[in-house]
Amino acid sequence: MTIKLLYFASLRETLGISGEEVTLPDDVSNIAGLRIFLAARGDAWQVLIRSQNLRAAVNQKIAGSEAGISDGDEVAFFPPVTGG
Amino acid sequence: MSVSVQSETFDVGHEIALLTRDNHGVGAVASFVGLVRDLHGGRADDNRVGAMTLEHYPGMTEHALEEIVAEARRRWELLAVRVIHRFGRLLPGEAIVLVIVAGAHRGETFAACEFIMDYLKTRAPFWKKEEGTDGAESARWVDARLSDETAAQRWKKQ
């Protein structure tokens, strides 16, 4: 399946990318699996498994590590929010 | 249109007038305005904040704010709610956020206004980056504060 990925704030700067389309292998089906898949890209990407603080959203709703991912989904990773 | 995410500033009086116009059941209006301070997250620091840039997640931000307003309306009997949150580069003294709650009596409007701000600070996808007075070179992302999470937790239903 192919999903749209978005990265925000300090994570966007750490990774040097704000978004991308990525095709996932069949065994990646939830947020936890996606973090491990992306972390394998290299040093900067290790933050996705090392930082417990990083939040995830699937289709613009906050999602836990067990949340499922489907073809065409929009998945975002970002640090804790600091608005207001 | 109870929620707006915009770069432009806002006029509190104008927004209150719009909200209460033709709604004579309103007996109380509570409002909150958040401003950019020139202190680094309240910490002692020689280098004061020269500007702040707010990043957000277009689409999710609006949905998150609408969901917070809907939750407030489930908890309290409210007649009207307005939330405006700005993004982009803001200077100290500029307004960042506005929450207006209108109801029949003051109790629910005070409570709902505080609830919306507490949830907004921990659930709406905005991120602040502060610059020092020496420019964007020294810019750094603001850390989330535990005290904001604690403030939101107290609204958890028993």
# chains A, B, ... in the order shown; residues from 1 in each chain; ligands from 1

call {"tool": "closest_atom_pairs", "arguments": {"of": "chain A", "to": "chain B", "cutoff": "9 Å", "atoms": "only C-alpha atoms", "output": "JSON lines"}}
result
{"residue": "A:Phe8", "atom": "CA", "partner": "B:Tyr57", "partner_atom": "CA", "distance": 7.5}
{"residue": "A:Ala9", "atom": "CA", "partner": "B:Trp127", "partner_atom": "CA", "distance": 6.3}
{"residue": "A:Ser10", "atom": "CA", "partner": "B:Trp141", "partner_atom": "CA", "distance": 6.6}
{"residue": "A:Ala57", "atom": "CA", "partner": "B:Met60", "partner_atom": "CA", "distance": 8.9}
{"residue": "A:Asn59", "atom": "CA", "partner": "B:Met60", "partner_atom": "CA", "distance": 8.2}
{"residue": "A:Gln60", "atom": "CA", "partner": "B:Met60", "partner_atom": "CA", "distance": 4.7}
{"residue": "A:Lys61", "atom": "CA", "partner": "B:Met60", "partner_atom": "CA", "distance": 7.1}
{"residue": "A:Ile62", "atom": "CA", "partner": "B:Arg123", "partner_atom": "CA", "distance": 8.8}
{"residue": "A:Phe78", "atom": "CA", "partner": "B:Pro125", "partner_atom": "CA", "distance": 8.5}
{"residue": "A:Pro79", "atom": "CA", "partner": "B:Trp127", "partner_atom": "CA", "distance": 8.2}
{"residue": "A:Pro80", "atom": "CA", "partner": "B:Ala144", "partner_atom": "CA", "distance": 5.9}
{"residue": "A:Val81", "atom": "CA", "partner": "B:Pro125", "partner_atom": "CA", "distance": 5.5}
{"residue": "A:Thr82", "atom": "CA", "partner": "B:Trp127", "partner_atom": "CA", "distance": 4.8}
{"residue": "A:Gly83", "atom": "CA", "partner": "B:Phe126", "partner_atom": "CA", "distance": 4.6}
{"residue": "A:Gly84", "atom": "CA", "partner": "B:Lys121", "partner_atom": "CA", "distance": 5.3}

call {"tool": "write_last_selection", "arguments": {"atoms": "all heavy atoms", "output": "compact mmCIF listing (two decimals), in the first residue's frame"}}
result
# COMPACT_ATOMS: atom_id res chain seq x y z
N PHE A 8 6.20 17.40 11.08
CA PHE A 8 6.04 18.79 11.50
C PHE A 8 7.09 19.26 12.50
O PHE A 8 7.66 18.45 13.25
CB PHE A 8 4.64 19.00 12.09
CG PHE A 8 3.55 18.92 11.07
CD1 PHE A 8 2.86 17.74 10.87
CD2 PHE A 8 3.22 20.03 10.28
CE1 PHE A 8 1.86 17.65 9.91
CE2 PHE A 8 2.23 19.94 9.32
CZ PHE A 8 1.54 18.76 9.13
N ALA A 9 7.26 20.58 12.52
CA ALA A 9 8.06 21.30 13.54
C ALA A 9 9.48 20.76 13.65
O ALA A 9 10.15 20.58 12.63
CB ALA A 9 7.30 21.29 14.86
N SER A 10 9.95 20.50 14.88
CA SER A 10 11.35 20.09 15.06
C SER A 10 11.63 18.77 14.34
O SER A 10 12.75 18.55 13.85
CB SER A 10 11.68 19.97 16.54
OG SER A 10 10.78 19.09 17.19
N ALA A 57 -0.56 10.80 13.95
CA ALA A 57 -1.97 10.98 13.59
C ALA A 57 -2.23 10.21 12.30
O ALA A 57 -1.38 10.17 11.42
CB ALA A 57 -2.28 12.46 13.39
N ASN A 59 -4.98 10.06 9.28
CA ASN A 59 -6.09 10.83 8.69
C ASN A 59 -6.54 11.95 9.62
O ASN A 59 -7.74 12.16 9.84
CB ASN A 59 -7.25 9.90 8.30
CG ASN A 59 -6.83 8.92 7.23
OD1 ASN A 59 -5.99 9.24 6.39
ND2 ASN A 59 -7.35 7.71 7.29
N GLN A 60 -5.54 12.65 10.16
CA GLN A 60 -5.75 13.86 10.96
C GLN A 60 -6.42 13.61 12.31
O GLN A 60 -6.98 14.53 12.90
CB GLN A 60 -6.53 14.91 10.14
CG GLN A 60 -5.86 15.19 8.80
CD GLN A 60 -6.42 16.39 8.06
OE1 GLN A 60 -7.46 16.92 8.43
NE2 GLN A 60 -5.72 16.83 7.02
N LYS A 61 -6.34 12.37 12.80
CA LYS A 61 -6.77 12.09 14.18
C LYS A 61 -5.61 11.45 14.92
O LYS A 61 -4.93 10.56 14.39
CB LYS A 61 -7.97 11.14 14.18
CG LYS A 61 -9.27 11.81 13.77
CD LYS A 61 -10.45 10.93 14.14
CE LYS A 61 -11.78 11.52 13.73
NZ LYS A 61 -12.03 12.88 14.22
N ILE A 62 -5.41 11.88 16.19
CA ILE A 62 -4.33 11.32 17.00
C ILE A 62 -4.48 9.79 17.06
O ILE A 62 -5.59 9.28 17.25
CB ILE A 62 -4.40 11.91 18.43
CG1 ILE A 62 -3.97 13.38 18.40
CG2 ILE A 62 -3.52 11.13 19.41
CD1 ILE A 62 -2.49 13.61 18.12
N PHE A 78 4.73 14.11 14.73
CA PHE A 78 5.08 15.45 15.22
C PHE A 78 5.38 15.42 16.72
O PHE A 78 4.92 14.52 17.43
CB PHE A 78 3.98 16.46 14.90
CG PHE A 78 2.58 16.00 15.20
CD1 PHE A 78 2.06 16.04 16.48
CD2 PHE A 78 1.75 15.53 14.17
CE1 PHE A 78 0.76 15.64 16.75
CE2 PHE A 78 0.45 15.12 14.43
CZ PHE A 78 -0.05 15.17 15.72
N PRO A 79 6.12 16.44 17.20
CA PRO A 79 6.39 16.53 18.64
C PRO A 79 5.15 16.99 19.40
O PRO A 79 4.17 17.42 18.78
CB PRO A 79 7.50 17.59 18.73
CG PRO A 79 7.47 18.33 17.45
CD PRO A 79 6.79 17.49 16.42
N PRO A 80 5.18 16.91 20.74
CA PRO A 80 4.04 17.41 21.54
C PRO A 80 3.71 18.84 21.14
O PRO A 80 4.61 19.63 20.84
CB PRO A 80 4.56 17.33 22.97
CG PRO A 80 5.57 16.24 22.95
CD PRO A 80 6.24 16.34 21.60
N VAL A 81 2.42 19.17 21.16
CA VAL A 81 1.98 20.47 20.65
C VAL A 81 2.26 21.59 21.66
O VAL A 81 2.28 21.36 22.88
CB VAL A 81 0.50 20.43 20.26
CG1 VAL A 81 0.25 19.34 19.23
CG2 VAL A 81 -0.39 20.22 21.49
N THR A 82 2.46 22.81 21.14
CA THR A 82 2.80 23.95 22.02
C THR A 82 2.07 25.22 21.59
O THR A 82 2.61 26.32 21.66
CB THR A 82 4.32 24.22 22.00
OG1 THR A 82 4.74 24.41 20.63
CG2 THR A 82 5.09 23.06 22.59
N GLY A 83 0.81 25.08 21.15
CA GLY A 83 0.07 26.27 20.73
C GLY A 83 -0.57 27.01 21.90
O GLY A 83 -0.28 26.72 23.05
N GLY A 84 -1.45 27.91 21.56
CA GLY A 84 -2.21 28.65 22.57
C GLY A 84 -1.49 29.86 23.09
O GLY A 84 -0.35 30.09 22.79

call {"tool": "residues_around", "arguments": {"residues": "Val69 (chain B)", "least_positions_apart": "4", "cutoff": "9 Å", "atoms": "only C-alpha atoms", "output": "list in words"}}
result
Ser2, Val3, Ala64, Leu65, Arg73, Arg74, Val81, Arg82, Val83, Ala112 and Ile116 of chain B

call {"tool": "select_by_dssp", "arguments": {"residues": "chain B", "states": "helix (DSSP H, G or I)", "output": "number ranges by chain"}}
result
B: 12-20, 60-75, 106-123, 146-153

call {"tool": "write_last_selection", "arguments": {"atoms": "N, CA and C atoms", "output": "compact mmCIF listing (two decimals), in the first residue's frame"}}
result
# COMPACT_ATOMS: atom_id res chain seq x y z
N VAL B 12 -11.26 41.69 19.14
CA VAL B 12 -12.08 41.00 20.14
C VAL B 12 -13.49 41.57 20.21
N GLY B 13 -13.59 42.89 20.23
CA GLY B 13 -14.90 43.54 20.34
C GLY B 13 -15.80 43.19 19.17
N HIS B 14 -15.20 43.20 17.99
CA HIS B 14 -15.96 42.86 16.78
C HIS B 14 -16.46 41.43 16.85
N GLU B 15 -15.59 40.52 17.29
CA GLU B 15 -15.97 39.10 17.35
C GLU B 15 -17.08 38.87 18.38
N ILE B 16 -16.99 39.57 19.52
CA ILE B 16 -18.05 39.42 20.54
C ILE B 16 -19.37 39.96 20.00
N ALA B 17 -19.29 41.10 19.30
CA ALA B 17 -20.51 41.69 18.74
C ALA B 17 -21.16 40.73 17.74
N LEU B 18 -20.34 40.10 16.89
CA LEU B 18 -20.88 39.15 15.90
C LEU B 18 -21.57 37.97 16.58
N LEU B 19 -20.94 37.54 17.70
CA LEU B 19 -21.43 36.34 18.38
C LEU B 19 -22.74 36.58 19.12
N THR B 20 -22.91 37.80 19.63
CA THR B 20 -24.07 38.07 20.49
C THR B 20 -25.20 38.79 19.75
N MET B 60 -5.95 19.19 10.05
CA MET B 60 -6.10 18.58 11.37
C MET B 60 -6.34 19.64 12.43
N THR B 61 -5.69 20.80 12.28
CA THR B 61 -5.85 21.86 13.28
C THR B 61 -7.31 22.27 13.40
N GLU B 62 -7.95 22.51 12.26
CA GLU B 62 -9.35 22.93 12.27
C GLU B 62 -10.23 21.82 12.87
N HIS B 63 -9.97 20.57 12.47
CA HIS B 63 -10.77 19.46 13.01
C HIS B 63 -10.60 19.34 14.51
N ALA B 64 -9.35 19.47 14.99
CA ALA B 64 -9.09 19.34 16.43
C ALA B 64 -9.81 20.45 17.21
N LEU B 65 -9.76 21.68 16.68
CA LEU B 65 -10.43 22.80 17.37
C LEU B 65 -11.95 22.60 17.37
N GLU B 66 -12.48 22.14 16.24
CA GLU B 66 -13.93 21.91 16.16
C GLU B 66 -14.36 20.82 17.14
N GLU B 67 -13.52 19.80 17.29
CA GLU B 67 -13.83 18.71 18.21
C GLU B 67 -13.80 19.21 19.66
N ILE B 68 -12.85 20.10 19.98
CA ILE B 68 -12.76 20.67 21.34
C ILE B 68 -14.01 21.52 21.64
N VAL B 69 -14.43 22.31 20.66
CA VAL B 69 -15.63 23.14 20.84
C VAL B 69 -16.85 22.24 21.01
N ALA B 70 -16.94 21.16 20.21
CA ALA B 70 -18.07 20.24 20.32
C ALA B 70 -18.10 19.59 21.70
N GLU B 71 -16.93 19.23 22.22
CA GLU B 71 -16.86 18.62 23.56
C GLU B 71 -17.31 19.63 24.62
N ALA B 72 -16.92 20.88 24.49
CA ALA B 72 -17.36 21.92 25.44
C ALA B 72 -18.88 22.07 25.40
N ARG B 73 -19.43 21.99 24.19
CA ARG B 73 -20.89 22.17 24.07
C ARG B 73 -21.65 20.97 24.61
N ARG B 74 -20.98 19.78 24.64
CA ARG B 74 -21.60 18.60 25.26
C ARG B 74 -21.59 18.74 26.79
N ARG B 75 -20.55 19.39 27.31
CA ARG B 75 -20.39 19.47 28.77
C ARG B 75 -21.18 20.60 29.40
N ARG B 106 -22.87 33.19 33.88
CA ARG B 106 -21.42 33.26 33.86
C ARG B 106 -20.73 31.94 34.18
N GLY B 107 -21.35 31.11 35.02
CA GLY B 107 -20.67 29.89 35.47
C GLY B 107 -20.19 29.02 34.33
N GLU B 108 -21.11 28.69 33.43
CA GLU B 108 -20.73 27.79 32.33
C GLU B 108 -19.81 28.48 31.32
N THR B 109 -19.91 29.79 31.18
CA THR B 109 -19.06 30.46 30.19
C THR B 109 -17.61 30.54 30.68
N PHE B 110 -17.42 30.86 31.98
CA PHE B 110 -16.05 30.84 32.54
C PHE B 110 -15.44 29.46 32.41
N ALA B 111 -16.19 28.44 32.83
CA ALA B 111 -15.67 27.08 32.84
C ALA B 111 -15.35 26.59 31.43
N ALA B 112 -16.28 26.83 30.49
CA ALA B 112 -16.07 26.33 29.13
C ALA B 112 -14.90 27.04 28.46
N CYS B 113 -14.72 28.32 28.74
CA CYS B 113 -13.62 29.08 28.15
C CYS B 113 -12.28 28.50 28.62
N GLU B 114 -12.20 28.20 29.91
CA GLU B 114 -10.96 27.63 30.46
C GLU B 114 -10.72 26.22 29.93
N PHE B 115 -11.78 25.44 29.85
CA PHE B 115 -11.69 24.08 29.31
C PHE B 115 -11.17 24.10 27.87
N ILE B 116 -11.73 24.98 27.04
CA ILE B 116 -11.32 25.05 25.63
C ILE B 116 -9.83 25.41 25.53
N MET B 117 -9.38 26.37 26.33
CA MET B 117 -7.95 26.74 26.29
C MET B 117 -7.07 25.59 26.76
N ASP B 118 -7.46 24.91 27.84
CA ASP B 118 -6.64 23.80 28.36
C ASP B 118 -6.54 22.67 27.34
N TYR B 119 -7.63 22.37 26.66
CA TYR B 119 -7.61 21.31 25.66
C TYR B 119 -6.86 21.75 24.40
N LEU B 120 -7.06 23.01 24.03
CA LEU B 120 -6.37 23.55 22.85
C LEU B 120 -4.85 23.43 23.02
N LYS B 121 -4.37 23.77 24.22
CA LYS B 121 -2.91 23.78 24.44
C LYS B 121 -2.29 22.40 24.39
N THR B 122 -3.09 21.36 24.62
CA THR B 122 -2.53 20.01 24.64
C THR B 122 -3.00 19.14 23.48
N ARG B 123 -3.95 19.62 22.68
CA ARG B 123 -4.51 18.77 21.62
C ARG B 123 -4.50 19.37 20.22
N LEU B 146 4.69 20.27 31.12
CA LEU B 146 3.91 19.32 31.91
C LEU B 146 2.71 20.02 32.56
N SER B 147 2.90 21.28 32.94
CA SER B 147 1.82 22.01 33.62
C SER B 147 0.60 22.17 32.71
N ASP B 148 0.83 22.24 31.39
CA ASP B 148 -0.30 22.32 30.46
C ASP B 148 -1.06 21.01 30.42
N GLU B 149 -0.31 19.89 30.47
CA GLU B 149 -0.95 18.57 30.46
C GLU B 149 -1.74 18.37 31.75
N THR B 150 -1.15 18.82 32.87
CA THR B 150 -1.83 18.71 34.17
C THR B 150 -3.12 19.52 34.16
N ALA B 151 -3.06 20.71 33.55
CA ALA B 151 -4.26 21.56 33.49
C ALA B 151 -5.36 20.88 32.69
N ALA B 152 -4.99 20.19 31.61
CA ALA B 152 -6.00 19.50 30.78
C ALA B 152 -6.56 18.28 31.50
N GLN B 153 -5.69 17.60 32.27
CA GLN B 153 -6.11 16.36 32.96
C GLN B 153 -7.24 16.60 33.96

call {"tool": "atom_distance", "arguments": {"atom1": "CA of Met52 (chain B)", "atom2": "CA of Val5 (chain B)"}}
result
16.4 Å

call {"tool": "select_by_dssp", "arguments": {"residues": "region 1-82 of chain A", "states": "strand (DSSP E or B)", "output": "compact mmCIF listing (two decimals) with C-alpha atoms, in the first residue's frame"}}
result
# COMPACT_ATOMS: atom_id res chain seq x y z
CA THR A 2 0.97 3.61 -0.52
CA ILE A 3 0.45 6.29 2.11
CA LYS A 4 1.11 10.02 2.45
CA LEU A 5 3.51 10.94 5.26
CA LEU A 6 3.82 14.36 6.91
CA TYR A 7 6.37 15.62 9.44
CA GLY A 19 6.22 15.15 3.52
CA GLU A 20 6.43 12.27 1.07
CA GLU A 21 4.52 9.40 -0.47
CA VAL A 22 5.83 6.02 0.53
CA THR A 23 4.96 2.47 -0.49
CA ASN A 30 0.20 -0.11 12.05
CA ARG A 55 2.93 11.80 18.42
CA ALA A 56 1.27 10.20 15.41
CA ALA A 57 -1.97 10.98 13.59
CA VAL A 58 -3.81 8.87 11.02
CA LYS A 61 -6.77 12.09 14.18
CA ILE A 62 -4.33 11.32 17.00
CA ALA A 63 -3.41 7.64 16.79
CA GLY A 68 -3.92 0.51 11.77
CA GLU A 74 -2.43 10.35 5.55
CA VAL A 75 -0.08 9.66 8.46
CA ALA A 76 1.68 12.45 10.36
CA PHE A 77 4.41 12.43 12.99
CA PHE A 78 5.08 15.45 15.22

call {"tool": "closest_residue", "arguments": {"among": "A:Met1, A:Ile31, A:Leu15, A:Ala39", "to": "Gly64 (chain A)", "atoms": "only C-alpha atoms"}}
result
A:Ile31

call {"tool": "residues_around", "arguments": {"residues": "Trp45 (chain A)", "least_positions_apart": "2", "cutoff": "12 Å", "atoms": "only C-alpha atoms", "output": "PDB file with N, CA, C and O atoms, in the first residue's frame"}}
result
ATOM      1  N   TYR A   7       5.552  15.405   8.241  1.00  0.00           N
ATOM      2  CA  TYR A   7       6.372  15.620   9.438  1.00  0.00           C
ATOM      3  C   TYR A   7       6.297  17.101   9.801  1.00  0.00           C
ATOM      4  O   TYR A   7       6.354  17.953   8.910  1.00  0.00           O
ATOM      5  N   LEU A  11      10.651  17.886  14.246  1.00  0.00           N
ATOM      6  CA  LEU A  11      10.862  16.608  13.546  1.00  0.00           C
ATOM      7  C   LEU A  11      11.108  16.852  12.049  1.00  0.00           C
ATOM      8  O   LEU A  11      11.993  16.235  11.450  1.00  0.00           O
ATOM      9  N   ARG A  12      10.341  17.767  11.464  1.00  0.00           N
ATOM     10  CA  ARG A  12      10.518  18.122  10.053  1.00  0.00           C
ATOM     11  C   ARG A  12      11.951  18.616   9.815  1.00  0.00           C
ATOM     12  O   ARG A  12      12.598  18.242   8.834  1.00  0.00           O
ATOM     13  N   GLU A  13      12.453  19.428  10.747  1.00  0.00           N
ATOM     14  CA  GLU A  13      13.818  19.947  10.601  1.00  0.00           C
ATOM     15  C   GLU A  13      14.860  18.860  10.792  1.00  0.00           C
ATOM     16  O   GLU A  13      15.861  18.816  10.080  1.00  0.00           O
ATOM     17  N   THR A  14      14.639  17.974  11.767  1.00  0.00           N
ATOM     18  CA  THR A  14      15.580  16.877  12.016  1.00  0.00           C
ATOM     19  C   THR A  14      15.692  15.967  10.790  1.00  0.00           C
ATOM     20  O   THR A  14      16.794  15.552  10.411  1.00  0.00           O
ATOM     21  N   LEU A  15      14.544  15.683  10.170  1.00  0.00           N
ATOM     22  CA  LEU A  15      14.527  14.756   9.034  1.00  0.00           C
ATOM     23  C   LEU A  15      14.860  15.452   7.716  1.00  0.00           C
ATOM     24  O   LEU A  15      15.222  14.803   6.738  1.00  0.00           O
ATOM     25  N   GLY A  16      14.686  16.776   7.690  1.00  0.00           N
ATOM     26  CA  GLY A  16      14.963  17.529   6.472  1.00  0.00           C
ATOM     27  C   GLY A  16      13.926  17.316   5.383  1.00  0.00           C
ATOM     28  O   GLY A  16      14.208  17.462   4.192  1.00  0.00           O
ATOM     29  N   ILE A  17      12.707  16.956   5.773  1.00  0.00           N
ATOM     30  CA  ILE A  17      11.647  16.691   4.800  1.00  0.00           C
ATOM     31  C   ILE A  17      10.295  16.982   5.469  1.00  0.00           C
ATOM     32  O   ILE A  17      10.104  16.698   6.646  1.00  0.00           O
ATOM     33  N   LEU A  34       5.246   1.090  11.273  1.00  0.00           N
ATOM     34  CA  LEU A  34       5.704   2.176  10.398  1.00  0.00           C
ATOM     35  C   LEU A  34       6.911   2.891  10.998  1.00  0.00           C
ATOM     36  O   LEU A  34       7.865   3.232  10.294  1.00  0.00           O
ATOM     37  N   ARG A  35       6.892   3.097  12.315  1.00  0.00           N
ATOM     38  CA  ARG A  35       8.033   3.741  12.980  1.00  0.00           C
ATOM     39  C   ARG A  35       9.308   2.918  12.782  1.00  0.00           C
ATOM     40  O   ARG A  35      10.376   3.465  12.493  1.00  0.00           O
ATOM     41  N   ILE A  36       9.190   1.599  12.948  1.00  0.00           N
ATOM     42  CA  ILE A  36      10.354   0.713  12.798  1.00  0.00           C
ATOM     43  C   ILE A  36      10.847   0.736  11.347  1.00  0.00           C
ATOM     44  O   ILE A  36      12.056   0.838  11.094  1.00  0.00           O
ATOM     45  N   PHE A  37       9.908   0.685  10.409  1.00  0.00           N
ATOM     46  CA  PHE A  37      10.248   0.718   8.982  1.00  0.00           C
ATOM     47  C   PHE A  37      11.018   1.998   8.640  1.00  0.00           C
ATOM     48  O   PHE A  37      12.064   1.969   7.979  1.00  0.00           O
ATOM     49  N   LEU A  38      10.516   3.157   9.114  1.00  0.00           N
ATOM     50  CA  LEU A  38      11.154   4.436   8.798  1.00  0.00           C
ATOM     51  C   LEU A  38      12.493   4.593   9.516  1.00  0.00           C
ATOM     52  O   LEU A  38      13.448   5.151   8.958  1.00  0.00           O
ATOM     53  N   ALA A  39      12.583   4.076  10.743  1.00  0.00           N
ATOM     54  CA  ALA A  39      13.817   4.211  11.531  1.00  0.00           C
ATOM     55  C   ALA A  39      14.987   3.521  10.832  1.00  0.00           C
ATOM     56  O   ALA A  39      16.147   3.927  10.995  1.00  0.00           O
ATOM     57  N   ALA A  40      14.696   2.502  10.022  1.00  0.00           N
ATOM     58  CA  ALA A  40      15.752   1.752   9.328  1.00  0.00           C
ATOM     59  C   ALA A  40      16.413   2.574   8.220  1.00  0.00           C
ATOM     60  O   ALA A  40      17.423   2.165   7.650  1.00  0.00           O
ATOM     61  N   ARG A  41      15.871   3.761   7.925  1.00  0.00           N
ATOM     62  CA  ARG A  41      16.432   4.594   6.858  1.00  0.00           C
ATOM     63  C   ARG A  41      17.787   5.217   7.224  1.00  0.00           C
ATOM     64  O   ARG A  41      18.522   5.646   6.347  1.00  0.00           O
ATOM     65  N   GLY A  42      18.068   5.336   8.524  1.00  0.00           N
ATOM     66  CA  GLY A  42      19.354   5.937   8.883  1.00  0.00           C
ATOM     67  C   GLY A  42      19.307   6.633  10.226  1.00  0.00           C
ATOM     68  O   GLY A  42      18.273   6.627  10.902  1.00  0.00           O
ATOM     69  N   ASP A  43      20.433   7.246  10.584  1.00  0.00           N
ATOM     70  CA  ASP A  43      20.594   7.823  11.920  1.00  0.00           C
ATOM     71  C   ASP A  43      19.494   8.823  12.295  1.00  0.00           C
ATOM     72  O   ASP A  43      18.912   8.723  13.372  1.00  0.00           O
ATOM     73  N   VAL A  47      15.040   8.633  15.484  1.00  0.00           N
ATOM     74  CA  VAL A  47      14.209   9.403  16.413  1.00  0.00           C
ATOM     75  C   VAL A  47      12.774   8.851  16.460  1.00  0.00           C
ATOM     76  O   VAL A  47      12.098   8.931  17.492  1.00  0.00           O
ATOM     77  N   LEU A  48      12.334   8.243  15.359  1.00  0.00           N
ATOM     78  CA  LEU A  48      10.961   7.726  15.315  1.00  0.00           C
ATOM     79  C   LEU A  48      10.730   6.572  16.278  1.00  0.00           C
ATOM     80  O   LEU A  48       9.597   6.330  16.710  1.00  0.00           O
ATOM     81  N   ILE A  49      11.799   5.847  16.631  1.00  0.00           N
ATOM     82  CA  ILE A  49      11.617   4.783  17.637  1.00  0.00           C
ATOM     83  C   ILE A  49      12.212   5.181  18.987  1.00  0.00           C
ATOM     84  O   ILE A  49      11.803   4.676  20.018  1.00  0.00           O
ATOM     85  N   ARG A  50      13.168   6.126  18.970  1.00  0.00           N
ATOM     86  CA  ARG A  50      13.828   6.510  20.228  1.00  0.00           C
ATOM     87  C   ARG A  50      13.022   7.514  21.033  1.00  0.00           C
ATOM     88  O   ARG A  50      13.082   7.521  22.251  1.00  0.00           O
ATOM     89  N   SER A  51      12.285   8.403  20.349  1.00  0.00           N
ATOM     90  CA  SER A  51      11.571   9.453  21.086  1.00  0.00           C
ATOM     91  C   SER A  51      10.157   8.998  21.438  1.00  0.00           C
ATOM     92  O   SER A  51       9.290   8.877  20.572  1.00  0.00           O
ATOM     93  N   PHE A  77       3.643  12.538  11.744  1.00  0.00           N
ATOM     94  CA  PHE A  77       4.413  12.431  12.993  1.00  0.00           C
ATOM     95  C   PHE A  77       4.807  13.846  13.418  1.00  0.00           C
ATOM     96  O   PHE A  77       5.179  14.665  12.573  1.00  0.00           O
TER      97      PHE A  77
END

call {"tool": "closest_residue", "arguments": {"among": "B:Val101, B:Leu39, B:Val49, B:Ala139", "to": "Trp76 (chain B)", "atoms": "only C-alpha atoms"}}
result
B:Val101

call {"tool": "atom_distance", "arguments": {"atom1": "CA of Glu94 (chain B)", "atom2": "CA of Ala80 (chain B)"}}
result
25.0 Å

call {"tool": "closest_residue", "arguments": {"among": "B:Asp134, B:Ala104, B:Phe10, B:Ala51", "to": "Gly88 (chain B)", "atoms": "only C-alpha atoms"}}
result
B:Ala51

call {"tool": "atom_distance", "arguments": {"atom1": "CA of Ser7 (chain B)", "atom2": "CA of Thr53 (chain B)"}}
result
10.6 Å

call {"tool": "closest_residue", "arguments": {"among": "B:Ile84, B:Leu91, B:Ala102, B:Leu78", "to": "Arg21 (chain B)", "atoms": "only C-alpha atoms"}}
result
B:Ala102
